[in-house]
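K.L.:
Following this message is one structure expressed as structure tokens.
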Amino acid sequence: MTIVSQTELIAGILAGKVVSFPTDTVPALAVKPELARQIFTIKKRSSTKPLILMGASFADLLPYVTGTEAELAIWQKVTQKFWPGALTLVLPASNRVPREMNPTDPNTIGIRVPNLAVARKILHQTGPLATTSANLSGQAPLVKMSAIEIAFPDVLVLDEQELSEEEYIGSGLPSTVAKWTGTDWQILRQGIIKINEVNAAAVVARRQNVDTAEQG
């Protein structure tokens, strides 16, 4: 039986196992970042498709990215507006990110904080995890924990009986993915959040940076 309690799920993650739990979009497959290769294997996923690093907060994810002080201010402004939520930011990766997370472009990493309390509670106790949707590559994401248990018999799946209806049913839509170009954001995948909203937040942050510099 691979249906487990939240306590058993967290213990499994810390022991190096692949798990599945719900998020605000679709349920995730998750594992410790240094063991990310396991997800590529069980999903039959191409190494050209990177994984997302999911964390409980921007502060938890910050050590995995690198940028100038001005860039960090812009990124923080964007996260304050849209996180927790369905926005994945692709940023320059620090040397803390295992190459297995993004084999073809290890210099970048997608990061996100989900807008679902149970997911953040798990991530708070495990630290950031390598994640992706729960499905075989090329197939539609699975949205029911019972279906994930059948499709991935070796994965520890969170018991849906521990979830409220709100936690059990996500939006069913993937997150918006926006990549930092050095000056603004490039949309890689459109989701609920629109790219013009993300760039607007970046413009506000730039103006605040200029005002601060002039006052100094």
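By order in the structure tokens, chains are A, B, ...; within a chain, residues start at 1; ligands start at 1, following the order shown.
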Which residues of range 126-183 of chain A sit at most 10 Å from range 42-50 of chain A, using only C-alpha atoms? Give each one's shortest atom pair and distance in Å (one decimal place), in chain and ascending residue order, as CSV.
P.N.:
residue,atom,partner,partner_atom,distance
A:Ala130,CA,A:Pro50,CA,9.6
A:Thr131,CA,A:Pro50,CA,9.5
A:Thr132,CA,A:Pro50,CA,8.7
A:Ser133,CA,A:Lys43,CA,9.4
A:Ala134,CA,A:Lys43,CA,8.1
A:Asn135,CA,A:Lys43,CA,6.5
A:Leu136,CA,A:Lys43,CA,4.5
A:Ser137,CA,A:Arg45,CA,5.2
A:Gly138,CA,A:Arg45,CA,8.3
A:Gln139,CA,A:Lys43,CA,9.8
A:Ala151,CA,A:Lys43,CA,9.9
A:Phe152,CA,A:Ile42,CA,7.8
A:Asp154,CA,A:Ile42,CA,9.0
A:Val155,CA,A:Ile42,CA,9.2
K.L.:
Using C-alpha atoms, can you write the selected residues to a file as a tab-separated table (two decimals), in the first residue's frame?
P.N.:
chain	number	residue	atom	x	y	z
A	130	ALA	CA	12.23	18.84	-7.14
A	131	THR	CA	8.71	18.61	-8.54
A	132	THR	CA	6.66	18.04	-11.67
A	133	SER	CA	3.09	17.05	-12.50
A	134	ALA	CA	2.03	13.48	-11.73
A	135	ASN	CA	1.76	11.80	-15.11
A	136	LEU	CA	3.77	9.84	-17.62
A	137	SER	CA	5.53	12.19	-20.02
A	138	GLY	CA	3.25	13.26	-22.86
A	139	GLN	CA	0.05	12.37	-21.02
A	151	ALA	CA	-0.14	4.89	-12.26
A	152	PHE	CA	2.91	5.05	-9.96
A	154	ASP	CA	6.26	2.79	-6.15
A	155	VAL	CA	5.44	6.40	-5.25
K.L.:
Would you mind listing what lies within 12 Å of Gln125 in chain A as a PyMOL selection string, with only C-alpha atoms counted and same-chain residues fewer than 3 positions away left out?
P.N.:
chain A and resi 6-7+9-14+55-57+60+118-122+128-129
K.L.:
Could you dump the residues just selected with N, CA and C atoms as a PDB file, in the first residue's frame?
P.N.:
ATOM      1  N   GLN A   6       0.394  12.101   6.171  1.00  0.00           N
ATOM      2  CA  GLN A   6       1.322  13.215   5.953  1.00  0.00           C
ATOM      3  C   GLN A   6       2.642  12.977   6.679  1.00  0.00           C
ATOM      4  N   THR A   7       2.569  12.445   7.889  1.00  0.00           N
ATOM      5  CA  THR A   7       3.786  12.147   8.644  1.00  0.00           C
ATOM      6  C   THR A   7       4.638  11.115   7.924  1.00  0.00           C
ATOM      7  N   LEU A   9       4.539  10.469   4.714  1.00  0.00           N
ATOM      8  CA  LEU A   9       4.997  11.071   3.465  1.00  0.00           C
ATOM      9  C   LEU A   9       6.268  11.870   3.688  1.00  0.00           C
ATOM     10  N   ILE A  10       6.276  12.690   4.735  1.00  0.00           N
ATOM     11  CA  ILE A  10       7.451  13.511   5.031  1.00  0.00           C
ATOM     12  C   ILE A  10       8.649  12.631   5.365  1.00  0.00           C
ATOM     13  N   ALA A  11       8.422  11.581   6.135  1.00  0.00           N
ATOM     14  CA  ALA A  11       9.509  10.642   6.457  1.00  0.00           C
ATOM     15  C   ALA A  11      10.043   9.988   5.193  1.00  0.00           C
ATOM     16  N   GLY A  12       9.147   9.656   4.270  1.00  0.00           N
ATOM     17  CA  GLY A  12       9.556   9.049   3.009  1.00  0.00           C
ATOM     18  C   GLY A  12      10.421   9.986   2.189  1.00  0.00           C
ATOM     19  N   ILE A  13      10.033  11.262   2.123  1.00  0.00           N
ATOM     20  CA  ILE A  13      10.834  12.249   1.394  1.00  0.00           C
ATOM     21  C   ILE A  13      12.238  12.329   1.974  1.00  0.00           C
ATOM     22  N   LEU A  14      12.308  12.449   3.286  1.00  0.00           N
ATOM     23  CA  LEU A  14      13.612  12.582   3.948  1.00  0.00           C
ATOM     24  C   LEU A  14      14.469  11.332   3.774  1.00  0.00           C
ATOM     25  N   GLY A  55       9.085  25.344  -2.989  1.00  0.00           N
ATOM     26  CA  GLY A  55       9.424  25.575  -1.598  1.00  0.00           C
ATOM     27  C   GLY A  55       8.271  26.182  -0.825  1.00  0.00           C
ATOM     28  N   ALA A  56       8.438  26.288   0.485  1.00  0.00           N
ATOM     29  CA  ALA A  56       7.393  26.831   1.348  1.00  0.00           C
ATOM     30  C   ALA A  56       7.373  28.349   1.339  1.00  0.00           C
ATOM     31  N   SER A  57       8.493  28.978   0.926  1.00  0.00           N
ATOM     32  CA  SER A  57       8.579  30.439   0.916  1.00  0.00           C
ATOM     33  C   SER A  57       9.697  30.871  -0.025  1.00  0.00           C
ATOM     34  N   ASP A  60      13.084  30.344   1.524  1.00  0.00           N
ATOM     35  CA  ASP A  60      13.603  28.979   1.427  1.00  0.00           C
ATOM     36  C   ASP A  60      14.244  28.724   0.062  1.00  0.00           C
ATOM     37  N   VAL A 118      -1.524  22.621   2.781  1.00  0.00           N
ATOM     38  CA  VAL A 118      -0.950  21.307   3.048  1.00  0.00           C
ATOM     39  C   VAL A 118       0.367  21.117   2.301  1.00  0.00           C
ATOM     40  N   ALA A 119       0.464  21.643   1.083  1.00  0.00           N
ATOM     41  CA  ALA A 119       1.708  21.529   0.323  1.00  0.00           C
ATOM     42  C   ALA A 119       2.821  22.325   1.000  1.00  0.00           C
ATOM     43  N   ARG A 120       2.506  23.544   1.437  1.00  0.00           N
ATOM     44  CA  ARG A 120       3.527  24.365   2.096  1.00  0.00           C
ATOM     45  C   ARG A 120       3.948  23.762   3.436  1.00  0.00           C
ATOM     46  N   LYS A 121       2.999  23.132   4.135  1.00  0.00           N
ATOM     47  CA  LYS A 121       3.340  22.489   5.408  1.00  0.00           C
ATOM     48  C   LYS A 121       4.344  21.367   5.188  1.00  0.00           C
ATOM     49  N   ILE A 122       4.124  20.575   4.137  1.00  0.00           N
ATOM     50  CA  ILE A 122       5.060  19.501   3.800  1.00  0.00           C
ATOM     51  C   ILE A 122       6.416  20.086   3.435  1.00  0.00           C
ATOM     52  N   PRO A 128      12.990  22.676   0.167  1.00  0.00           N
ATOM     53  CA  PRO A 128      12.580  22.687  -1.242  1.00  0.00           C
ATOM     54  C   PRO A 128      12.740  21.321  -1.900  1.00  0.00           C
ATOM     55  N   LEU A 129      11.797  21.010  -2.791  1.00  0.00           N
ATOM     56  CA  LEU A 129      11.794  19.712  -3.474  1.00  0.00           C
ATOM     57  C   LEU A 129      11.749  19.882  -4.986  1.00  0.00           C
TER      58      LEU A 129
END
K.L.:
Which polymer residues have any atom within 12 Å of an atom of Ala15 in chain A, counting only C-alpha atoms, with same-chain residues fewer than 5 positions away left out, as a tab-separated table (two decimals) with C-alpha atoms, in the first residue's frame?
P.N.:
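Contents of the output file selection-v1.tsv:
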chain	number	residue	atom	x	y	z
A	8	GLU	CA	4.72	9.03	6.66
A	9	LEU	CA	5.00	11.07	3.46
A	10	ILE	CA	7.45	13.51	5.03
A	31	VAL	CA	11.72	14.21	-4.37
A	32	LYS	CA	14.81	15.72	-2.78
A	35	LEU	CA	17.64	12.72	-6.34
A	126	THR	CA	11.29	18.82	4.05
A	156	LEU	CA	4.22	7.33	-1.75
K.L.:
Just list as JSON, numbers by chain whatever in range 11-194 of chain A DSSP marks as strand (DSSP E).
P.N.:
{"A": [19, 20, 21, 28, 29, 30, 31, 52, 53, 54, 87, 88, 89, 90, 91, 92, 108, 109, 110, 111, 112, 129, 130, 131, 132, 133, 156, 157, 158, 176, 177, 178, 179, 180, 185, 186, 187, 188, 189]}
K.L.:
Taking the backbone alone, and naming residues the way the document does, which bits of chain A are alpha helix (DSSP H) by DSSP, as a ChimeraX atom specification?
P.N.:
/A:6-14,37-43,58-61,69-82,117-126,145-151,165-168,195-215
K.L.:
Grab the CA of Arg112 in chain A to CA of Thr25 in chain A distance for me, in Å with one decimal place.
P.N.:
11.5 Å
K.L.:
Write out as JSON, numbers by chain each polymer residue whose atoms come within 12 Å of Asn95 in chain A, counting only C-alpha atoms; drop sequence neighbours fewer than 3 positions from it.
P.N.:
{"A": [63, 64, 65, 66, 92, 98, 99, 101, 106, 107, 108, 109]}
K.L.:
Print the selection's residues with N, CA and C atoms to a file, as a PDB file, in the first residue's frame.
P.N.:
ATOM      1  N   PRO A  63      18.386  30.667  -1.614  1.00  0.00           N
ATOM      2  CA  PRO A  63      19.759  30.147  -1.761  1.00  0.00           C
ATOM      3  C   PRO A  63      20.004  29.415  -3.089  1.00  0.00           C
ATOM      4  N   TYR A  64      18.950  29.077  -3.804  1.00  0.00           N
ATOM      5  CA  TYR A  64      19.085  28.316  -5.047  1.00  0.00           C
ATOM      6  C   TYR A  64      19.167  29.206  -6.282  1.00  0.00           C
ATOM      7  N   VAL A  65      19.070  30.545  -6.105  1.00  0.00           N
ATOM      8  CA  VAL A  65      19.155  31.460  -7.239  1.00  0.00           C
ATOM      9  C   VAL A  65      20.254  32.481  -6.982  1.00  0.00           C
ATOM     10  N   THR A  66      20.681  33.143  -8.042  1.00  0.00           N
ATOM     11  CA  THR A  66      21.724  34.151  -7.901  1.00  0.00           C
ATOM     12  C   THR A  66      21.419  35.329  -8.815  1.00  0.00           C
ATOM     13  N   PRO A  92      18.358  32.685 -12.756  1.00  0.00           N
ATOM     14  CA  PRO A  92      19.716  32.143 -12.757  1.00  0.00           C
ATOM     15  C   PRO A  92      19.943  31.264 -11.533  1.00  0.00           C
ATOM     16  N   PRO A  98      21.311  21.091  -7.954  1.00  0.00           N
ATOM     17  CA  PRO A  98      21.900  19.916  -8.602  1.00  0.00           C
ATOM     18  C   PRO A  98      21.671  19.949 -10.109  1.00  0.00           C
ATOM     19  N   ARG A  99      22.658  19.548 -10.869  1.00  0.00           N
ATOM     20  CA  ARG A  99      22.538  19.549 -12.315  1.00  0.00           C
ATOM     21  C   ARG A  99      21.358  18.700 -12.781  1.00  0.00           C
ATOM     22  N   MET A 101      18.444  18.646 -11.871  1.00  0.00           N
ATOM     23  CA  MET A 101      17.187  19.387 -11.943  1.00  0.00           C
ATOM     24  C   MET A 101      16.903  19.891 -13.350  1.00  0.00           C
ATOM     25  N   PRO A 106      21.710  23.818 -16.861  1.00  0.00           N
ATOM     26  CA  PRO A 106      21.875  23.856 -15.402  1.00  0.00           C
ATOM     27  C   PRO A 106      22.089  25.257 -14.835  1.00  0.00           C
ATOM     28  N   ASN A 107      22.185  26.256 -15.721  1.00  0.00           N
ATOM     29  CA  ASN A 107      22.395  27.624 -15.251  1.00  0.00           C
ATOM     30  C   ASN A 107      21.103  28.333 -14.854  1.00  0.00           C
ATOM     31  N   THR A 108      19.955  27.673 -15.084  1.00  0.00           N
ATOM     32  CA  THR A 108      18.683  28.264 -14.676  1.00  0.00           C
ATOM     33  C   THR A 108      17.877  27.260 -13.854  1.00  0.00           C
ATOM     34  N   ILE A 109      16.950  27.794 -13.063  1.00  0.00           N
ATOM     35  CA  ILE A 109      16.079  26.937 -12.264  1.00  0.00           C
ATOM     36  C   ILE A 109      14.708  27.603 -12.119  1.00  0.00           C
TER      37      ILE A 109
END
K.L.:
So what do you get for CA of Val26 in chain A versus CA of Asp184 in chain A, distance-wise?
P.N.:
27.3 Å
K.L.:
Within 12 Å of Gly67 in chain A, counting only C-alpha atoms, which residues qualify if same-chain residues fewer than 3 places away don't, as a PyMOL selection string?
P.N.:
chain A and resi 62-64+70-76+91-94+107-108+180-183
K.L.:
What does the structure give for the distance between CA of Gln80 in chain A and CA of Leu51 in chain A, in Å to one decimal?
P.N.:
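Computing it gives 22.8 Å between the two atoms.
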K.L.:
Between A:Gln38, A:Ser20, A:Ser175, A:Gln190, single out the one closest to Pro84 in chain A, counting only C-alpha atoms.
P.N.:
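Using only C-alpha atoms, the shortest distance to Pro84 in chain A belongs to A:Ser175.
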K.L.:
Could you check which of A:Ala36, A:Ile111, A:Val198, A:Val19 is closest to Leu61 in chain A, using only C-alpha atoms?
P.N.:
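When distances to Leu61 in chain A are compared using only C-alpha atoms, the smallest one comes from A:Ile111.
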